[in-house]
Amino acid sequence: RPAPACVLGIDLGTTSVKAALLVGAERGQVVAESCSRETQAHTSSLEAGPQGMEQNVRRIVRALNECLATLPQQQLQRVSHIGISGQMHGIVFWKKDEGCKWTECGTGPIFEPEEVSHLITWQDGRCSPTFLSSLPLPQSHTSLATGFGCATVYWYLKNSPDFLKSYDAAGTIHDYVVAMLCDLKKPLMSVQNAASWGYFNSRNKSWNTDILKKSGFPVHLLPEVGDPGSIAGRTICAWHGIPKGAKVGIALGDFQCSVYSCLTERTDAVLNISTSAQLTVSMPQGFQPPETPDPSSAVTYFPYFNGDYLAVAASLNGGNVLATFVDMVARWTEELGLQVQESAIYTKIIKAALARNNSKLSVHPTIFGERHIPEQMASVTNIAVSDLSLGHVTRALCRGIVENLCSMLPVQRLMETGVRRILGSGSALARNEVLRQEVERIFPFPVVYGKDVDAAVGAAMVM
């Protein structure tokens with residue numbers, strides 16, 4: 001019997017690229033091989049100044065090529081479908097017929113970027129609140145923010161119009177890769193990525209072209225839009241030995257693919273605590289987001305698959321809060337003339353908190369603010385002499401992180417959407433038993449751990 005076909009999943013992340021090969025097995029698809037490479041692509045531009053956040057596209061593609069070169073050739077030769085996800089909101093510009101050149105290397109043909117701009121990432125801060133407030137109001141359920149593709153185009157329109165004249169195509173970094181693999185004459189973008197750019201109406205799946213044209217926006221740069229999960233085209237070369245003619249899916253949002261990699265039931269909620277924290281739940285079938293955004297809402301709606309939406313409470317305060325606390329303890333210790341490794345401090349504070357089942361202290365841990373209330377800082381209340389030990393403080397801090405997330409997407413709302421179970425993932429949750437205890441104390445649902453979120457795997461599973 002011929003060997004079964006493989007599916008290749010790729011995720012073009014903020015700091016690294018990842019590739020995963022999935023093969024069919026008795027219990028469904030399993031990961032046969034995977035690889036990741038740091039891109040080290042961050043660069044700067046004189047135009048944007050210190051607020052800018054840009055990446056070198058050549059370095060990103062080089063890291064992708066290095067990644068694929070390490071995967072087994074015999075399996076790459078069996079790839080029938082490629083799914084690609086990546087960092088949303090950001091934008092890259094290129095010339096349609098000169099976006100890349102194909103060359104031969106040891107593992108087969110590869111493409112290298114040619115007439116391509118830097119990637120302006122989702123972290124870009126060049127669009128100030130004042131600048132954003134000067135732009136026309138979008139007809140969209142999503143508030144416009146700095147780092148969004150359309151906002152960045154408006155910034156160039158005002159500050160560097162000649163820059164835009166150099167290019168005739170634009171998309172996210174993963175839209176660019178799909179366009180090069182399939183030699184698309186016009187970029188194709190999924191509803192997921194389009195919604196992340198702003199000025200996109202998810203209800204009728206169309207750009208706000210009338211609003212944009214009136215303000216002089218170069219609408220010819222906007223990609224065509226298709227449904228997530230659909231095929232964008234076929235590979236025009238035997239890329240790294242992957243057969244010419246392999247089907248390539250329309251590029252997907254990394255967040256949606258991460259959720260897809262672990263969400264098996266509509267009644268599951270996904271709780272991820274890594275550097276930041278997210279609580280995600282599937283909205284009922286047929287749900288449509290409001291026609292206009294509510295900037296004060298803690299919940300945003302992300303287009304998912306098959307016309308469904310995810311309700312997402314995305315907190316800026318997760319494992320980074322604990323890391324800041326550990327750093328503070330280390331600095332205090334140093335000022336007292338002692339030296340303790342941060343890793344040792346982390347271990348000891350968790351052990352101390354495990355010995356304290358409860359704490360009357362109340363810690364509101366939002367030291368990094370939140371998108372819906374950026375001016376809100378952290379606070380500690382209910383301070384009593386009996387609760388000043390390291391264990392009490394750590395226990396209260398862990399509880400505060402979970403409570404903050406719960407306040408953004410409350411238990412009552414989870415119940416109303418039919419949640420029956422929580423899938424816990426993320427590095428902070430995996431290594432911190434106190435956090436896990438607080439999750440189980442605050443949420444009245446069974447919690448299952450060990451469900452790693454993986455956008456590359458999710459992108460492959462969609463195919």
# chains A, B, ... in the order shown; residues from 1 in each chain; ligands from 1
$ residues_around --residues "stretch 244-259 of chain A" --least-positions-apart "6" --cutoff "9 Å" --atoms "only C-alpha atoms" --output "PDB file with N, CA, C and O atoms, in the first residue's frame"
ATOM      1  N   ASP A  11       3.319  27.894  11.242  1.00  0.00           N
ATOM      2  CA  ASP A  11       2.909  29.100  11.967  1.00  0.00           C
ATOM      3  C   ASP A  11       4.050  30.108  11.944  1.00  0.00           C
ATOM      4  O   ASP A  11       5.172  29.793  12.351  1.00  0.00           O
ATOM      5  N   LEU A  12       3.759  31.307  11.429  1.00  0.00           N
ATOM      6  CA  LEU A  12       4.757  32.380  11.360  1.00  0.00           C
ATOM      7  C   LEU A  12       4.505  33.312  12.544  1.00  0.00           C
ATOM      8  O   LEU A  12       3.684  34.223  12.465  1.00  0.00           O
ATOM      9  N   GLY A  13       5.186  33.049  13.648  1.00  0.00           N
ATOM     10  CA  GLY A  13       4.930  33.758  14.898  1.00  0.00           C
ATOM     11  C   GLY A  13       5.696  35.052  15.021  1.00  0.00           C
ATOM     12  O   GLY A  13       6.455  35.452  14.144  1.00  0.00           O
ATOM     13  N   VAL A  79       3.436  15.206   1.235  1.00  0.00           N
ATOM     14  CA  VAL A  79       2.522  16.276   1.657  1.00  0.00           C
ATOM     15  C   VAL A  79       1.514  16.579   0.549  1.00  0.00           C
ATOM     16  O   VAL A  79       1.896  16.846  -0.591  1.00  0.00           O
ATOM     17  N   SER A  80       0.229  16.521   0.896  1.00  0.00           N
ATOM     18  CA  SER A  80      -0.826  16.816  -0.083  1.00  0.00           C
ATOM     19  C   SER A  80      -1.467  18.180   0.176  1.00  0.00           C
ATOM     20  O   SER A  80      -2.026  18.795  -0.725  1.00  0.00           O
ATOM     21  N   HIS A  81      -1.424  18.640   1.441  1.00  0.00           N
ATOM     22  CA  HIS A  81      -2.058  19.906   1.827  1.00  0.00           C
ATOM     23  C   HIS A  81      -1.122  20.687   2.748  1.00  0.00           C
ATOM     24  O   HIS A  81      -0.397  20.099   3.567  1.00  0.00           O
ATOM     25  N   ILE A  82      -1.166  22.013   2.632  1.00  0.00           N
ATOM     26  CA  ILE A  82      -0.383  22.889   3.515  1.00  0.00           C
ATOM     27  C   ILE A  82      -1.328  23.892   4.169  1.00  0.00           C
ATOM     28  O   ILE A  82      -2.085  24.589   3.474  1.00  0.00           O
ATOM     29  N   GLY A  83      -1.299  23.972   5.509  1.00  0.00           N
ATOM     30  CA  GLY A  83      -2.077  24.971   6.244  1.00  0.00           C
ATOM     31  C   GLY A  83      -1.128  25.974   6.879  1.00  0.00           C
ATOM     32  O   GLY A  83      -0.110  25.581   7.469  1.00  0.00           O
ATOM     33  N   ILE A  84      -1.409  27.258   6.744  1.00  0.00           N
ATOM     34  CA  ILE A  84      -0.487  28.301   7.229  1.00  0.00           C
ATOM     35  C   ILE A  84      -1.233  29.292   8.114  1.00  0.00           C
ATOM     36  O   ILE A  84      -2.286  29.807   7.740  1.00  0.00           O
ATOM     37  N   SER A  85      -0.676  29.547   9.295  1.00  0.00           N
ATOM     38  CA  SER A  85      -1.220  30.580  10.183  1.00  0.00           C
ATOM     39  C   SER A  85      -0.102  31.551  10.529  1.00  0.00           C
ATOM     40  O   SER A  85       1.065  31.302  10.229  1.00  0.00           O
ATOM     41  N   GLY A  86      -0.467  32.649  11.190  1.00  0.00           N
ATOM     42  CA  GLY A  86       0.567  33.605  11.564  1.00  0.00           C
ATOM     43  C   GLY A  86       0.007  34.750  12.380  1.00  0.00           C
ATOM     44  O   GLY A  86      -1.192  34.821  12.655  1.00  0.00           O
ATOM     45  N   GLN A  87       0.908  35.651  12.749  1.00  0.00           N
ATOM     46  CA  GLN A  87       0.556  36.788  13.605  1.00  0.00           C
ATOM     47  C   GLN A  87      -0.424  37.698  12.872  1.00  0.00           C
ATOM     48  O   GLN A  87      -0.177  38.126  11.747  1.00  0.00           O
ATOM     49  N   MET A  88      -1.549  37.953  13.532  1.00  0.00           N
ATOM     50  CA  MET A  88      -2.606  38.746  12.916  1.00  0.00           C
ATOM     51  C   MET A  88      -2.319  40.252  13.073  1.00  0.00           C
ATOM     52  O   MET A  88      -1.346  40.636  13.696  1.00  0.00           O
ATOM     53  N   THR A 172      -1.114  40.069   5.375  1.00  0.00           N
ATOM     54  CA  THR A 172      -0.338  39.681   6.559  1.00  0.00           C
ATOM     55  C   THR A 172       0.886  38.914   6.071  1.00  0.00           C
ATOM     56  O   THR A 172       0.982  38.562   4.886  1.00  0.00           O
ATOM     57  N   HIS A 174       1.604  35.864   6.612  1.00  0.00           N
ATOM     58  CA  HIS A 174       1.208  34.521   6.145  1.00  0.00           C
ATOM     59  C   HIS A 174       0.419  34.596   4.834  1.00  0.00           C
ATOM     60  O   HIS A 174       0.487  33.673   4.024  1.00  0.00           O
ATOM     61  N   ASP A 175      -0.300  35.715   4.601  1.00  0.00           N
ATOM     62  CA  ASP A 175      -0.927  35.915   3.288  1.00  0.00           C
ATOM     63  C   ASP A 175       0.151  36.019   2.208  1.00  0.00           C
ATOM     64  O   ASP A 175      -0.017  35.500   1.100  1.00  0.00           O
ATOM     65  N   TYR A 176       1.243  36.698   2.529  1.00  0.00           N
ATOM     66  CA  TYR A 176       2.355  36.851   1.588  1.00  0.00           C
ATOM     67  C   TYR A 176       2.926  35.487   1.207  1.00  0.00           C
ATOM     68  O   TYR A 176       3.120  35.190   0.013  1.00  0.00           O
ATOM     69  N   VAL A 177       3.179  34.638   2.191  1.00  0.00           N
ATOM     70  CA  VAL A 177       3.765  33.312   1.916  1.00  0.00           C
ATOM     71  C   VAL A 177       2.823  32.486   1.037  1.00  0.00           C
ATOM     72  O   VAL A 177       3.257  31.844   0.070  1.00  0.00           O
ATOM     73  N   VAL A 178       1.527  32.510   1.333  1.00  0.00           N
ATOM     74  CA  VAL A 178       0.543  31.783   0.508  1.00  0.00           C
ATOM     75  C   VAL A 178       0.560  32.316  -0.927  1.00  0.00           C
ATOM     76  O   VAL A 178       0.559  31.541  -1.893  1.00  0.00           O
ATOM     77  N   LEU A 181       3.722  31.015  -2.718  1.00  0.00           N
ATOM     78  CA  LEU A 181       3.668  29.572  -2.993  1.00  0.00           C
ATOM     79  C   LEU A 181       2.755  29.255  -4.171  1.00  0.00           C
ATOM     80  O   LEU A 181       3.027  28.337  -4.949  1.00  0.00           O
ATOM     81  N   CYS A 182       1.656  30.003  -4.282  1.00  0.00           N
ATOM     82  CA  CYS A 182       0.627  29.717  -5.294  1.00  0.00           C
ATOM     83  C   CYS A 182       0.678  30.682  -6.479  1.00  0.00           C
ATOM     84  O   CYS A 182      -0.139  30.559  -7.402  1.00  0.00           O
ATOM     85  N   LEU A 188      -5.038  36.817  -1.407  1.00  0.00           N
ATOM     86  CA  LEU A 188      -6.294  36.300  -0.862  1.00  0.00           C
ATOM     87  C   LEU A 188      -6.144  36.212   0.648  1.00  0.00           C
ATOM     88  O   LEU A 188      -5.133  35.725   1.155  1.00  0.00           O
ATOM     89  N   MET A 189      -7.139  36.705   1.375  1.00  0.00           N
ATOM     90  CA  MET A 189      -7.055  36.812   2.837  1.00  0.00           C
ATOM     91  C   MET A 189      -8.289  36.177   3.458  1.00  0.00           C
ATOM     92  O   MET A 189      -9.394  36.299   2.925  1.00  0.00           O
ATOM     93  N   SER A 190      -8.118  35.488   4.571  1.00  0.00           N
ATOM     94  CA  SER A 190      -9.272  34.885   5.242  1.00  0.00           C
ATOM     95  C   SER A 190     -10.055  35.948   6.014  1.00  0.00           C
ATOM     96  O   SER A 190      -9.523  37.008   6.357  1.00  0.00           O
ATOM     97  N   VAL A 191     -11.313  35.652   6.280  1.00  0.00           N
ATOM     98  CA  VAL A 191     -12.157  36.523   7.104  1.00  0.00           C
ATOM     99  C   VAL A 191     -11.478  36.799   8.444  1.00  0.00           C
ATOM    100  O   VAL A 191     -11.559  37.909   8.983  1.00  0.00           O
ATOM    101  N   GLN A 192     -10.767  35.785   8.991  1.00  0.00           N
ATOM    102  CA  GLN A 192     -10.091  35.944  10.285  1.00  0.00           C
ATOM    103  C   GLN A 192      -9.072  37.075  10.236  1.00  0.00           C
ATOM    104  O   GLN A 192      -9.028  37.945  11.118  1.00  0.00           O
ATOM    105  N   ASN A 193      -8.216  37.072   9.198  1.00  0.00           N
ATOM    106  CA  ASN A 193      -7.187  38.104   9.085  1.00  0.00           C
ATOM    107  C   ASN A 193      -7.785  39.459   8.706  1.00  0.00           C
ATOM    108  O   ASN A 193      -7.332  40.499   9.190  1.00  0.00           O
ATOM    109  N   SER A 196      -9.047  41.303  11.567  1.00  0.00           N
ATOM    110  CA  SER A 196      -7.967  41.811  12.425  1.00  0.00           C
ATOM    111  C   SER A 196      -7.308  43.071  11.861  1.00  0.00           C
ATOM    112  O   SER A 196      -6.498  43.693  12.525  1.00  0.00           O
ATOM    113  N   GLY A 226     -11.704  35.414   1.554  1.00  0.00           N
ATOM    114  CA  GLY A 226     -12.334  34.099   1.441  1.00  0.00           C
ATOM    115  C   GLY A 226     -12.570  33.484   2.808  1.00  0.00           C
ATOM    116  O   GLY A 226     -12.120  34.009   3.830  1.00  0.00           O
ATOM    117  N   ASP A 227     -13.274  32.377   2.825  1.00  0.00           N
ATOM    118  CA  ASP A 227     -13.609  31.706   4.087  1.00  0.00           C
ATOM    119  C   ASP A 227     -12.425  30.919   4.643  1.00  0.00           C
ATOM    120  O   ASP A 227     -11.724  30.241   3.884  1.00  0.00           O
ATOM    121  N   PRO A 228     -12.210  30.974   5.961  1.00  0.00           N
ATOM    122  CA  PRO A 228     -11.163  30.151   6.564  1.00  0.00           C
ATOM    123  C   PRO A 228     -11.460  28.675   6.336  1.00  0.00           C
ATOM    124  O   PRO A 228     -12.602  28.241   6.447  1.00  0.00           O
ATOM    125  N   GLY A 229     -10.425  27.924   5.973  1.00  0.00           N
ATOM    126  CA  GLY A 229     -10.601  26.502   5.679  1.00  0.00           C
ATOM    127  C   GLY A 229     -10.690  26.229   4.194  1.00  0.00           C
ATOM    128  O   GLY A 229     -10.596  25.074   3.761  1.00  0.00           O
ATOM    129  N   SER A 230     -10.846  27.294   3.371  1.00  0.00           N
ATOM    130  CA  SER A 230     -10.913  27.095   1.918  1.00  0.00           C
ATOM    131  C   SER A 230      -9.503  27.034   1.325  1.00  0.00           C
ATOM    132  O   SER A 230      -8.517  27.401   1.973  1.00  0.00           O
ATOM    133  N   ILE A 231      -9.418  26.562   0.080  1.00  0.00           N
ATOM    134  CA  ILE A 231      -8.120  26.421  -0.594  1.00  0.00           C
ATOM    135  C   ILE A 231      -7.809  27.707  -1.364  1.00  0.00           C
ATOM    136  O   ILE A 231      -8.642  28.206  -2.133  1.00  0.00           O
ATOM    137  N   ALA A 232      -6.596  28.234  -1.147  1.00  0.00           N
ATOM    138  CA  ALA A 232      -6.178  29.467  -1.830  1.00  0.00           C
ATOM    139  C   ALA A 232      -5.591  29.168  -3.204  1.00  0.00           C
ATOM    140  O   ALA A 232      -5.686  29.981  -4.123  1.00  0.00           O
ATOM    141  N   GLY A 233      -4.957  28.003  -3.335  1.00  0.00           N
ATOM    142  CA  GLY A 233      -4.321  27.653  -4.601  1.00  0.00           C
ATOM    143  C   GLY A 233      -3.462  26.408  -4.438  1.00  0.00           C
ATOM    144  O   GLY A 233      -3.598  25.671  -3.448  1.00  0.00           O
ATOM    145  N   ARG A 234      -2.580  26.196  -5.408  1.00  0.00           N
ATOM    146  CA  ARG A 234      -1.681  25.036  -5.369  1.00  0.00           C
ATOM    147  C   ARG A 234      -0.241  25.502  -5.537  1.00  0.00           C
ATOM    148  O   ARG A 234       0.017  26.517  -6.196  1.00  0.00           O
ATOM    149  N   THR A 235       0.683  24.750  -4.967  1.00  0.00           N
ATOM    150  CA  THR A 235       2.105  25.120  -5.058  1.00  0.00           C
ATOM    151  C   THR A 235       2.553  25.094  -6.518  1.00  0.00           C
ATOM    152  O   THR A 235       2.215  24.164  -7.260  1.00  0.00           O
ATOM    153  N   ILE A 236       3.311  26.109  -6.927  1.00  0.00           N
ATOM    154  CA  ILE A 236       3.747  26.196  -8.327  1.00  0.00           C
ATOM    155  C   ILE A 236       5.096  25.523  -8.539  1.00  0.00           C
ATOM    156  O   ILE A 236       5.532  25.342  -9.670  1.00  0.00           O
ATOM    157  N   CYS A 237       5.772  25.151  -7.446  1.00  0.00           N
ATOM    158  CA  CYS A 237       7.055  24.448  -7.521  1.00  0.00           C
ATOM    159  C   CYS A 237       7.069  23.347  -6.467  1.00  0.00           C
ATOM    160  O   CYS A 237       6.269  23.345  -5.541  1.00  0.00           O
ATOM    161  N   ALA A 238       8.009  22.419  -6.613  1.00  0.00           N
ATOM    162  CA  ALA A 238       8.174  21.345  -5.612  1.00  0.00           C
ATOM    163  C   ALA A 238       8.957  21.904  -4.432  1.00  0.00           C
ATOM    164  O   ALA A 238      10.135  21.607  -4.242  1.00  0.00           O
ATOM    165  N   VAL A 270     -11.407  27.444  26.675  1.00  0.00           N
ATOM    166  CA  VAL A 270      -9.945  27.308  26.715  1.00  0.00           C
ATOM    167  C   VAL A 270      -9.371  28.424  27.580  1.00  0.00           C
ATOM    168  O   VAL A 270      -9.593  29.607  27.309  1.00  0.00           O
ATOM    169  N   THR A 280     -11.283  31.746  26.466  1.00  0.00           N
ATOM    170  CA  THR A 280     -11.978  31.709  25.178  1.00  0.00           C
ATOM    171  C   THR A 280     -13.120  30.710  25.213  1.00  0.00           C
ATOM    172  O   THR A 280     -12.968  29.608  25.738  1.00  0.00           O
ATOM    173  N   PHE A 302     -13.852  37.018  17.800  1.00  0.00           N
ATOM    174  CA  PHE A 302     -12.966  36.656  16.694  1.00  0.00           C
ATOM    175  C   PHE A 302     -13.710  35.716  15.748  1.00  0.00           C
ATOM    176  O   PHE A 302     -14.250  34.697  16.199  1.00  0.00           O
ATOM    177  N   PRO A 303     -13.742  36.012  14.423  1.00  0.00           N
ATOM    178  CA  PRO A 303     -14.298  35.032  13.491  1.00  0.00           C
ATOM    179  C   PRO A 303     -13.508  33.721  13.608  1.00  0.00           C
ATOM    180  O   PRO A 303     -12.275  33.738  13.664  1.00  0.00           O
ATOM    181  N   TYR A 304     -14.235  32.600  13.643  1.00  0.00           N
ATOM    182  CA  TYR A 304     -13.598  31.294  13.835  1.00  0.00           C
ATOM    183  C   TYR A 304     -13.723  30.494  12.532  1.00  0.00           C
ATOM    184  O   TYR A 304     -13.250  30.944  11.494  1.00  0.00           O
ATOM    185  N   PHE A 305     -14.375  29.360  12.544  1.00  0.00           N
ATOM    186  CA  PHE A 305     -14.566  28.553  11.342  1.00  0.00           C
ATOM    187  C   PHE A 305     -16.050  28.282  11.142  1.00  0.00           C
ATOM    188  O   PHE A 305     -16.826  28.293  12.098  1.00  0.00           O
ATOM    189  N   LEU A 310     -15.572  33.182  18.235  1.00  0.00           N
ATOM    190  CA  LEU A 310     -15.046  32.953  19.580  1.00  0.00           C
ATOM    191  C   LEU A 310     -15.222  34.235  20.390  1.00  0.00           C
ATOM    192  O   LEU A 310     -14.958  35.325  19.886  1.00  0.00           O
ATOM    193  N   ASP A 452      -1.910  21.261  25.101  1.00  0.00           N
ATOM    194  CA  ASP A 452      -1.059  22.325  24.577  1.00  0.00           C
ATOM    195  C   ASP A 452      -1.691  22.985  23.366  1.00  0.00           C
ATOM    196  O   ASP A 452      -2.184  22.305  22.466  1.00  0.00           O
ATOM    197  N   VAL A 453      -1.681  24.311  23.348  1.00  0.00           N
ATOM    198  CA  VAL A 453      -2.157  25.026  22.169  1.00  0.00           C
ATOM    199  C   VAL A 453      -0.991  25.158  21.196  1.00  0.00           C
ATOM    200  O   VAL A 453       0.131  25.442  21.596  1.00  0.00           O
ATOM    201  N   ASP A 454      -1.242  24.895  19.925  1.00  0.00           N
ATOM    202  CA  ASP A 454      -0.179  24.898  18.927  1.00  0.00           C
ATOM    203  C   ASP A 454      -0.765  25.347  17.592  1.00  0.00           C
ATOM    204  O   ASP A 454      -1.513  24.613  16.951  1.00  0.00           O
ATOM    205  N   ALA A 455      -0.429  26.576  17.179  1.00  0.00           N
ATOM    206  CA  ALA A 455      -1.033  27.147  15.972  1.00  0.00           C
ATOM    207  C   ALA A 455      -0.643  26.371  14.726  1.00  0.00           C
ATOM    208  O   ALA A 455      -1.460  26.203  13.812  1.00  0.00           O
ATOM    209  N   ALA A 456       0.613  25.887  14.633  1.00  0.00           N
ATOM    210  CA  ALA A 456       1.045  25.124  13.452  1.00  0.00           C
ATOM    211  C   ALA A 456       0.233  23.839  13.324  1.00  0.00           C
ATOM    212  O   ALA A 456      -0.210  23.470  12.221  1.00  0.00           O
ATOM    213  N   VAL A 457       0.029  23.156  14.442  1.00  0.00           N
ATOM    214  CA  VAL A 457      -0.765  21.922  14.439  1.00  0.00           C
ATOM    215  C   VAL A 457      -2.205  22.237  14.070  1.00  0.00           C
ATOM    216  O   VAL A 457      -2.843  21.535  13.273  1.00  0.00           O
ATOM    217  N   GLY A 458      -2.748  23.326  14.653  1.00  0.00           N
ATOM    218  CA  GLY A 458      -4.117  23.729  14.341  1.00  0.00           C
ATOM    219  C   GLY A 458      -4.302  24.043  12.860  1.00  0.00           C
ATOM    220  O   GLY A 458      -5.291  23.641  12.245  1.00  0.00           O
ATOM    221  N   ALA A 459      -3.311  24.727  12.260  1.00  0.00           N
ATOM    222  CA  ALA A 459      -3.382  25.075  10.824  1.00  0.00           C
ATOM    223  C   ALA A 459      -3.418  23.818   9.976  1.00  0.00           C
ATOM    224  O   ALA A 459      -4.127  23.758   8.965  1.00  0.00           O
ATOM    225  N   ALA A 460      -2.656  22.793  10.385  1.00  0.00           N
ATOM    226  CA  ALA A 460      -2.652  21.522   9.642  1.00  0.00           C
ATOM    227  C   ALA A 460      -3.975  20.788   9.823  1.00  0.00           C
ATOM    228  O   ALA A 460      -4.526  20.223   8.876  1.00  0.00           O
ATOM    229  N   MET A 461      -4.511  20.812  11.062  1.00  0.00           N
ATOM    230  CA  MET A 461      -5.764  20.104  11.350  1.00  0.00           C
ATOM    231  C   MET A 461      -6.931  20.655  10.527  1.00  0.00           C
ATOM    232  O   MET A 461      -7.823  19.923  10.124  1.00  0.00           O
ATOM    233  N   VAL A 462      -6.915  21.978  10.297  1.00  0.00           N
ATOM    234  CA  VAL A 462      -7.991  22.616   9.522  1.00  0.00           C
ATOM    235  C   VAL A 462      -8.053  22.039   8.113  1.00  0.00           C
ATOM    236  O   VAL A 462      -9.130  21.912   7.515  1.00  0.00           O
ATOM    237  N   MET A 463      -6.868  21.673   7.579  1.00  0.00           N
ATOM    238  CA  MET A 463      -6.786  21.181   6.204  1.00  0.00           C
ATOM    239  C   MET A 463      -7.340  19.773   6.086  1.00  0.00           C
ATOM    240  O   MET A 463      -7.578  19.263   5.026  1.00  0.00           O
TER     241      MET A 463
END
$ residues_around --residues "A:Ser45" --least-positions-apart "5" --cutoff "12 Å" --atoms "only C-alpha atoms" --output "PyMOL selection string"
chain A and resi 50-56+117-120+124+126
$ write_last_selection --atoms "C-alpha atoms" --output "CSV table (one decimal), in the first residue's frame"
chain,number,residue,atom,x,y,z
A,50,PRO,CA,11.0,54.3,18.6
A,51,GLN,CA,7.2,53.5,18.4
A,52,GLY,CA,7.6,51.4,15.3
A,53,MET,CA,7.8,47.6,15.5
A,54,GLU,CA,9.0,46.0,12.2
A,55,GLN,CA,10.5,42.7,11.1
A,56,ASN,CA,12.7,41.8,8.2
A,117,SER,CA,8.7,45.9,2.5
A,118,HIS,CA,9.4,45.2,6.2
A,119,LEU,CA,6.5,43.5,8.1
A,120,ILE,CA,4.9,46.1,10.3
A,124,ASP,CA,3.6,48.5,16.2
A,126,ARG,CA,3.2,54.4,15.6
$ atom_distance --atom1 "atom CA of A:Asp294" --atom2 "atom CA of A:Gln139"
12.5 Å
$ residues_around --residues "stretch 442-446 of chain A" --least-positions-apart "4" --cutoff "7 Å" --atoms "only C-alpha atoms" --output "ChimeraX atom specification"
/A:411,420-422,438
$ write_last_selection --atoms "N, CA and C atoms" --output "compact mmCIF listing (two decimals), in the first residue's frame"
# COMPACT_ATOMS: atom_id res chain seq x y z
N VAL A 411 -18.29 33.76 35.18
CA VAL A 411 -18.80 32.39 35.23
C VAL A 411 -20.23 32.32 34.70
N ARG A 420 -19.16 23.47 29.85
CA ARG A 420 -19.21 22.37 30.81
C ARG A 420 -17.84 21.96 31.32
N ARG A 421 -16.80 22.43 30.62
CA ARG A 421 -15.44 22.01 30.99
C ARG A 421 -14.45 23.08 30.57
N ILE A 422 -13.34 23.19 31.31
CA ILE A 422 -12.28 24.14 30.95
C ILE A 422 -11.02 23.36 30.58
N GLU A 438 -6.20 27.75 42.15
CA GLU A 438 -7.09 28.91 42.12
C GLU A 438 -8.07 28.84 40.95
$ residues_around --residues "A:Ile349" --least-positions-apart "5" --cutoff "8 Å" --atoms "only C-alpha atoms" --output "VMD selection string"
chain A and resid 390 to 391 394
$ select_by_dssp --residues "stretch 138-342 of chain A" --states "strand (DSSP E or B)" --output "PyMOL selection string"
chain A and resi 169-171+188-190+200-201+206-207+224-226+231-234+247-249+252-253+268-273+277-282+299-303+309-315
$ select_by_dssp --residues "stretch 189-368 of chain A" --states "alpha helix (DSSP H)" --output "number ranges by chain"
A: 191-195, 209-214, 254-260, 319-335, 342-354
$ closest_residue --among "A:Pro293, A:Gly171, A:Gly216, A:Pro161" --to "A:Ala145" --atoms "only C-alpha atoms"
A:Pro293
$ residues_around --residues "A:Leu144" --least-positions-apart "5" --cutoff "8 Å" --atoms "only C-alpha atoms" --output "PyMOL selection string"
chain A and resi 132+138+151+198-199
$ write_last_selection --atoms "C-alpha atoms" --output "compact mmCIF listing (two decimals), in the first residue's frame"
# COMPACT_ATOMS: atom_id res chain seq x y z
CA LEU A 132 -6.58 56.97 15.41
CA PRO A 138 -15.20 51.88 10.65
CA ALA A 151 -4.48 51.89 10.47
CA GLY A 198 -10.05 46.87 10.81
CA TYR A 199 -12.55 48.41 8.36
$ residues_around --residues "A:Cys35" --least-positions-apart "6" --cutoff "6 Å" --atoms "only C-alpha atoms" --output "VMD selection string"
chain A and resid 18 to 19 67
$ atom_distance --atom1 "atom CA of A:Ser34" --atom2 "atom CA of A:Ala5"
16.2 Å
$ residues_around --residues "A:Gln40" --least-positions-apart "2" --cutoff "7 Å" --atoms "only C-alpha atoms" --output "mmCIF file with C-alpha atoms, in the first residue's frame"
data_model
loop_
_atom_site.group_PDB
_atom_site.id
_atom_site.type_symbol
_atom_site.label_atom_id
_atom_site.label_comp_id
_atom_site.auth_asym_id
_atom_site.auth_seq_id
_atom_site.Cartn_x
_atom_site.Cartn_y
_atom_site.Cartn_z
ATOM 1 C CA THR A 15 9.537 35.527 17.495
ATOM 2 C CA GLU A 38 13.737 31.789 16.018
ATOM 3 C CA HIS A 42 13.220 42.540 14.529
#
$ atom_distance --atom1 "atom CA of A:Pro187" --atom2 "atom CA of A:Trp94"
10.2 Å
